[in-house]
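Here the structure is laid out as structure tokens; the discussion comes afterwards.
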Amino acid sequence: MGAPGCSGEKREGRARLVFSHGPEGASIWQKQIDRFNKQHRGEIEVVLRQAPADTGQYFEMLRTGFQAGETRADIISGDVIWPAQFAANGWISDLSNRFSSSRRNRHLPGAIASNTHEGRIYGVPWFTDAGMLYYRKDLLEKSSYTQAPETWDELQEMVDRIQREQGVKYGFVFQGADYEGGVVNALEFVWNAGGDVLDPKGEVVIGEPRAVDGLWAARGLIESGAAPEAVSSFKELEAYTIFLAGDAVFMRNWPFVYALSADTSVSNVKPEQLGLAPLPTARSGGRSSSGLGGWNLMINAASDKPDEAWTFIEYLSAPERQRERALQGGYLPTIKNLYDDAEILEKVPVAALGKEAIKNVRSRPASPFYYDMSLSISERFHASLTGSISPDEAAATLHRDLKKILARAEKL
Ligand code: GLC
């Protein structure tokens with residue numbers, strides 16, 4: 001019998017484990033899981049339980065399940081923003097004794113930091129993500145541009161000219177819906193205008209002028225027509241569907257979209273028509289930052305098969321599996337030396353840019369109260385994109401909201 005709420009069962013000496021993850025890249029994970037099951041035939045069997053694609057919905061599903069003691073998964077794939085909250089509530093296992101420091105050192109420091117809470121480690125990095133600017137190299141070249149835009153003004157100018165000369169439907173698509181991806185987009189606009197959410201001391205600074213400039217940059221792209229009004233309801237899927245249909249010049253998205261362009265059943269745009277660049281900044285010479293994303297592997301603290309779960313995590317996060325996922329799906333590895341792997345760099349251009357992008361990634365605030373902060377950021381960003389409030393008002397309200405959330409956290 002499994003522990004209450006856990007589905008791990010031991011029958012005829014075989015442990016059956018449930019691994020929960022979203023639908024993206026499922027065929028690649030499934031192949032790897034099948035191989036694991038074959039290697040462990042008669043001992044361990046892992047079944048994939050599909051979680052919602054939207055990270056916020058997935059989080060809600062897990063949180064409700066944990067609170068009710070009903071989360072039926074032994075191994076959980078988790079977004080980089082979750083470990084602090086899950087660990088603070090005792091919902092995931094402390095892996096400090098299993099995940100040795102020499103093993104940890106093989107991974108990117110940002111990915112390790114995202115799994116660390118109060119000096120203990122709660123997850124193993126699986127793949128990393130960084131926001132990137134995708135552009136249509138062929139369209140830029142036809143209108144005599146030889147380089148990607150470095151500022152939002154340059155992007156605007158290119159959109160105007162390319163639309164005039166070549167009649168492409170949209171200029172720039174990004175993610176402005178009221179959900180977690182909207183938070184990352186909002187922060188990238190804020191960072192790339194020189195602003196921030198919290199200062200190094202943890203004080204809220206989102207109401208300050210540079211941060212407001214960032215929110216205006218996003219709204220300005222909609223007002224000028226460079227981005228369609230509909231971006232305020234776009235998630236990753238809507239943005240890449242339009243871009244891969246050939247209907248937009250520029251797109252902000254994560255690395256996995258690159259691999260989709262090689263599949264002619266989903267993409268009219270071929271990999272050779274694509275360019276990748278760091279996200280534009282508000283001022284020329286500004287430093288470009290990308291939001292750090294990515295996924296980790298964690299063990300449900302209520303699982304009664306933690307040893308078997310760990311065996312699976314070691315397998316799935318190993319360099320060979322990360323390498324395969326990079327080559328087949330464009331997922332950026334968390335193992336540092338895979339960024340020097342000649343085959344990956346040659347076949348997965350997104351990894352070459354990723355190598356640079358990961359030097360410039362910034363994290364969303366790490367806090368057991370992150371989820372409340374996130375809800376507030378995405379709501380205000382989305383409202384400022386639809387025009388129902390101004391970017392100034394969005395920043396001022398956010399400033400007050402975040403101060404209240406942090407003050408509440410301090411009282412606990
Ligand atoms: C990607 C990122 C994740 C982020 C999410 C937002 O899955 O890896 O960190 O929260 O997108 O939609």
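Following the order of the structure tokens, chains are lettered A, B, ..., residues in each are numbered from 1, and ligands are numbered from 1.
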
Picked from region 300-362 of chain A by DSSP as alpha helix (DSSP H), as JSON, numbers by chain: {"A": [306, 307, 308, 309, 310, 311, 312, 313, 314, 315, 316, 317, 319, 320, 321, 322, 323, 324, 325, 326, 327, 328, 329, 342, 343, 344, 345, 346, 347, 349, 350, 351, 352, 353, 354, 355, 356, 357]}

With 10 Å as the cut-off and only C-alpha atoms counted, what is the closest atom pair between each nearby residue of region 283-311 of chain A and region 237-254 of chain A? Distances in Å to one decimal, ordered by chain and number, as a tab-separated table.
```
residue	atom	partner	partner_atom	distance
A:Ser290	CA	A:Trp254	CA	9.9
A:Gly291	CA	A:Trp254	CA	9.7
A:Leu292	CA	A:Trp254	CA	10.0
A:Gly293	CA	A:Trp254	CA	8.5
A:Gly294	CA	A:Trp254	CA	9.7
```

Which residue of A:Glu208, A:Glu346, A:Glu43, A:Asp372 approaches Ala396 (chain A) most closely, using only C-alpha atoms: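 That would be A:Glu208, the residue with the smallest distance to Ala396 (chain A).
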
All residues 10 Å or closer to region 297-308 of chain A, only C-alpha atoms, same chain fewer than 2 positions away omitted, as a ChimeraX atom specification: /A:1-10,15-21,43-46,66,69-80,83,86-87,90-95,98,115,121-127,295,310-314,316-317

In region 171-352 of chain A, DSSP strand (DSSP E or B) residues written as a ChimeraX atom specification: /A:171-173,198,204,248-253,274-277,281,290-300,332,335

Taking a cut-off of 9 Å and counting only C-alpha atoms, can you build a table that, for each residue of region 71-152 of chain A near region 166-182 of chain A, reports the nearest atom pair and how far apart they are in Å (one decimal), sorted by chain then residue number, as JSON lines?
```
{"residue": "A:Tyr135", "atom": "CA", "partner": "A:Phe172", "partner_atom": "CA", "distance": 9.0}
{"residue": "A:Leu139", "atom": "CA", "partner": "A:Gln166", "partner_atom": "CA", "distance": 7.8}
{"residue": "A:Lys142", "atom": "CA", "partner": "A:Gln166", "partner_atom": "CA", "distance": 8.5}
{"residue": "A:Ser143", "atom": "CA", "partner": "A:Gln166", "partner_atom": "CA", "distance": 8.2}
```

Using only C-alpha atoms, which residues sit within 9 Å of Leu260 (chain A) once same-chain residues fewer than 5 positions away are excluded, as a short mmCIF file (atom, residue, chain, number, x, y, z; two decimals) with C-alpha atoms, in the first residue's frame?
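Heads up, here's the output in selection.cif:
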```cif
data_model
loop_
_atom_site.label_atom_id
_atom_site.label_comp_id
_atom_site.auth_asym_id
_atom_site.auth_seq_id
_atom_site.Cartn_x
_atom_site.Cartn_y
_atom_site.Cartn_z
CA LEU A 244 5.50 29.98 -37.13
CA VAL A 266 3.40 22.91 -37.46
CA SER A 267 5.59 25.53 -39.11
CA PRO A 271 14.88 27.03 -39.32
CA GLY A 329 13.78 19.31 -28.74
CA GLY A 330 16.04 22.35 -28.33
#
```

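Among the candidate residues A:Asp129, A:Glu410, A:Glu272, A:Asp34, the one lying nearest to ligand 1 is A:Asp129, with distances computed using only C-alpha atoms and all ligand atoms.
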
One-decimal distance in Å that lies between CA of Leu155 (chain A) and CA of Gly285 (chain A): 14.6 Å

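When only C-alpha atoms and all ligand atoms are used to compute distances to ligand 1, the closest of the residues A:Glu24, A:Asp153, A:Glu141, A:Glu343 turns out to be A:Glu24.
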
Within 12 Å of Arg362 (chain A) using only C-alpha atoms, minus same-chain residues under 6 positions, as an mmCIF file with N, CA, C and O atoms, in the first residue's frame:
```cif
data_model
loop_
_atom_site.group_PDB
_atom_site.id
_atom_site.type_symbol
_atom_site.label_atom_id
_atom_site.label_comp_id
_atom_site.auth_asym_id
_atom_site.auth_seq_id
_atom_site.Cartn_x
_atom_site.Cartn_y
_atom_site.Cartn_z
ATOM 1 N N VAL A 80 10.969 26.697 -11.908
ATOM 2 C CA VAL A 80 12.037 27.268 -11.066
ATOM 3 C C VAL A 80 11.522 28.172 -9.932
ATOM 4 O O VAL A 80 12.225 28.402 -8.963
ATOM 5 N N PRO A 109 24.831 27.613 -12.107
ATOM 6 C CA PRO A 109 24.558 28.112 -10.756
ATOM 7 C C PRO A 109 23.129 28.641 -10.567
ATOM 8 O O PRO A 109 22.522 28.433 -9.514
ATOM 9 N N GLY A 110 22.562 29.275 -11.617
ATOM 10 C CA GLY A 110 21.190 29.810 -11.494
ATOM 11 C C GLY A 110 20.185 28.694 -11.263
ATOM 12 O O GLY A 110 19.212 28.837 -10.504
ATOM 13 N N ALA A 111 20.418 27.567 -11.947
ATOM 14 C CA ALA A 111 19.495 26.440 -11.823
ATOM 15 C C ALA A 111 19.590 25.823 -10.424
ATOM 16 O O ALA A 111 18.585 25.423 -9.835
ATOM 17 N N ALA A 113 20.565 27.518 -7.737
ATOM 18 C CA ALA A 113 19.999 28.514 -6.806
ATOM 19 C C ALA A 113 18.479 28.387 -6.752
ATOM 20 O O ALA A 113 17.869 28.533 -5.689
ATOM 21 N N SER A 114 17.872 28.101 -7.902
ATOM 22 C CA SER A 114 16.399 28.043 -7.926
ATOM 23 C C SER A 114 15.857 26.859 -7.112
ATOM 24 O O SER A 114 14.682 26.823 -6.771
ATOM 25 N N ASP A 129 15.660 27.673 -19.126
ATOM 26 C CA ASP A 129 14.966 28.491 -20.113
ATOM 27 C C ASP A 129 15.429 29.933 -19.975
ATOM 28 O O ASP A 129 15.705 30.397 -18.864
ATOM 29 N N ALA A 130 15.465 30.621 -21.100
ATOM 30 C CA ALA A 130 15.778 32.058 -21.067
ATOM 31 C C ALA A 130 14.961 32.708 -22.174
ATOM 32 O O ALA A 130 14.861 32.158 -23.280
ATOM 33 N N GLY A 131 14.367 33.856 -21.886
ATOM 34 C CA GLY A 131 13.569 34.552 -22.895
ATOM 35 C C GLY A 131 14.461 35.041 -24.028
ATOM 36 O O GLY A 131 15.566 35.532 -23.787
ATOM 37 N N VAL A 184 6.928 37.012 -16.535
ATOM 38 C CA VAL A 184 8.302 37.007 -17.057
ATOM 39 C C VAL A 184 8.453 38.106 -18.113
ATOM 40 O O VAL A 184 9.432 38.860 -18.114
ATOM 41 N N ASN A 185 7.448 38.229 -19.003
ATOM 42 C CA ASN A 185 7.522 39.282 -20.019
ATOM 43 C C ASN A 185 7.566 40.667 -19.371
ATOM 44 O O ASN A 185 8.355 41.522 -19.761
ATOM 45 N N LEU A 187 8.629 41.496 -16.419
ATOM 46 C CA LEU A 187 9.924 41.744 -15.775
ATOM 47 C C LEU A 187 11.015 41.995 -16.805
ATOM 48 O O LEU A 187 11.897 42.831 -16.590
ATOM 49 N N GLU A 188 10.953 41.300 -17.928
ATOM 50 C CA GLU A 188 11.975 41.549 -18.956
ATOM 51 C C GLU A 188 11.873 42.990 -19.469
ATOM 52 O O GLU A 188 12.892 43.666 -19.664
ATOM 53 N N VAL A 190 10.758 45.512 -17.779
ATOM 54 C CA VAL A 190 11.216 46.367 -16.670
ATOM 55 C C VAL A 190 12.750 46.328 -16.565
ATOM 56 O O VAL A 190 13.420 47.356 -16.519
ATOM 57 N N TRP A 191 13.318 45.121 -16.553
ATOM 58 C CA TRP A 191 14.788 44.990 -16.446
ATOM 59 C C TRP A 191 15.478 45.677 -17.609
ATOM 60 O O TRP A 191 16.504 46.339 -17.442
ATOM 61 N N ASN A 192 14.914 45.499 -18.816
ATOM 62 C CA ASN A 192 15.584 46.036 -20.003
ATOM 63 C C ASN A 192 15.396 47.538 -20.159
ATOM 64 O O ASN A 192 15.897 48.136 -21.104
ATOM 65 N N ASP A 196 13.664 47.424 -11.784
ATOM 66 C CA ASP A 196 13.609 46.115 -11.114
ATOM 67 C C ASP A 196 12.341 46.025 -10.267
ATOM 68 O O ASP A 196 11.629 47.023 -10.099
ATOM 69 N N VAL A 197 12.103 44.839 -9.711
ATOM 70 C CA VAL A 197 10.942 44.643 -8.837
ATOM 71 C C VAL A 197 11.358 44.946 -7.398
ATOM 72 O O VAL A 197 10.728 45.714 -6.682
ATOM 73 N N ARG A 287 22.074 46.987 -21.080
ATOM 74 C CA ARG A 287 22.381 45.563 -20.962
ATOM 75 C C ARG A 287 21.083 44.768 -21.109
ATOM 76 O O ARG A 287 20.085 45.080 -20.470
ATOM 77 N N SER A 288 21.117 43.748 -21.976
ATOM 78 C CA SER A 288 19.899 42.961 -22.180
ATOM 79 C C SER A 288 19.815 41.819 -21.177
ATOM 80 O O SER A 288 20.767 41.058 -21.000
ATOM 81 N N SER A 289 18.685 41.710 -20.511
ATOM 82 C CA SER A 289 18.478 40.597 -19.573
ATOM 83 C C SER A 289 17.334 39.718 -20.055
ATOM 84 O O SER A 289 16.391 40.204 -20.683
ATOM 85 N N SER A 290 17.433 38.438 -19.725
ATOM 86 C CA SER A 290 16.369 37.486 -20.044
ATOM 87 C C SER A 290 15.840 36.918 -18.746
ATOM 88 O O SER A 290 16.616 36.693 -17.818
ATOM 89 N N GLY A 291 14.558 36.658 -18.712
ATOM 90 C CA GLY A 291 13.982 36.014 -17.536
ATOM 91 C C GLY A 291 14.476 34.572 -17.461
ATOM 92 O O GLY A 291 14.513 33.868 -18.476
ATOM 93 N N LEU A 292 14.891 34.162 -16.265
ATOM 94 C CA LEU A 292 15.310 32.766 -16.073
ATOM 95 C C LEU A 292 14.066 31.909 -15.882
ATOM 96 O O LEU A 292 13.231 32.170 -15.020
ATOM 97 N N GLY A 293 13.942 30.894 -16.731
ATOM 98 C CA GLY A 293 12.875 29.919 -16.552
ATOM 99 C C GLY A 293 13.523 28.569 -16.385
ATOM 100 O O GLY A 293 14.755 28.462 -16.273
#
```

Given only C-alpha atoms and all ligand atoms as the counted atoms, nearest of A:Gly354, A:Pro255, A:Gly207, A:Gly275 to ligand 1: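 Under the stated criterion, the closest residue is A:Pro255.
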
Which residue of A:Val205, A:Ile405, A:Ala26, A:Val183 approaches ligand 1 most closely, using only C-alpha atoms and all ligand atoms: A:Val183

Spatial neighbours of region 147-152 of chain A, 10 Å, only C-alpha atoms, chain gap at least 5 places, as a PyMOL selection string: chain A and resi 133-137+140-141+157-158+189+192-193+217-218+220-221+250+275-288
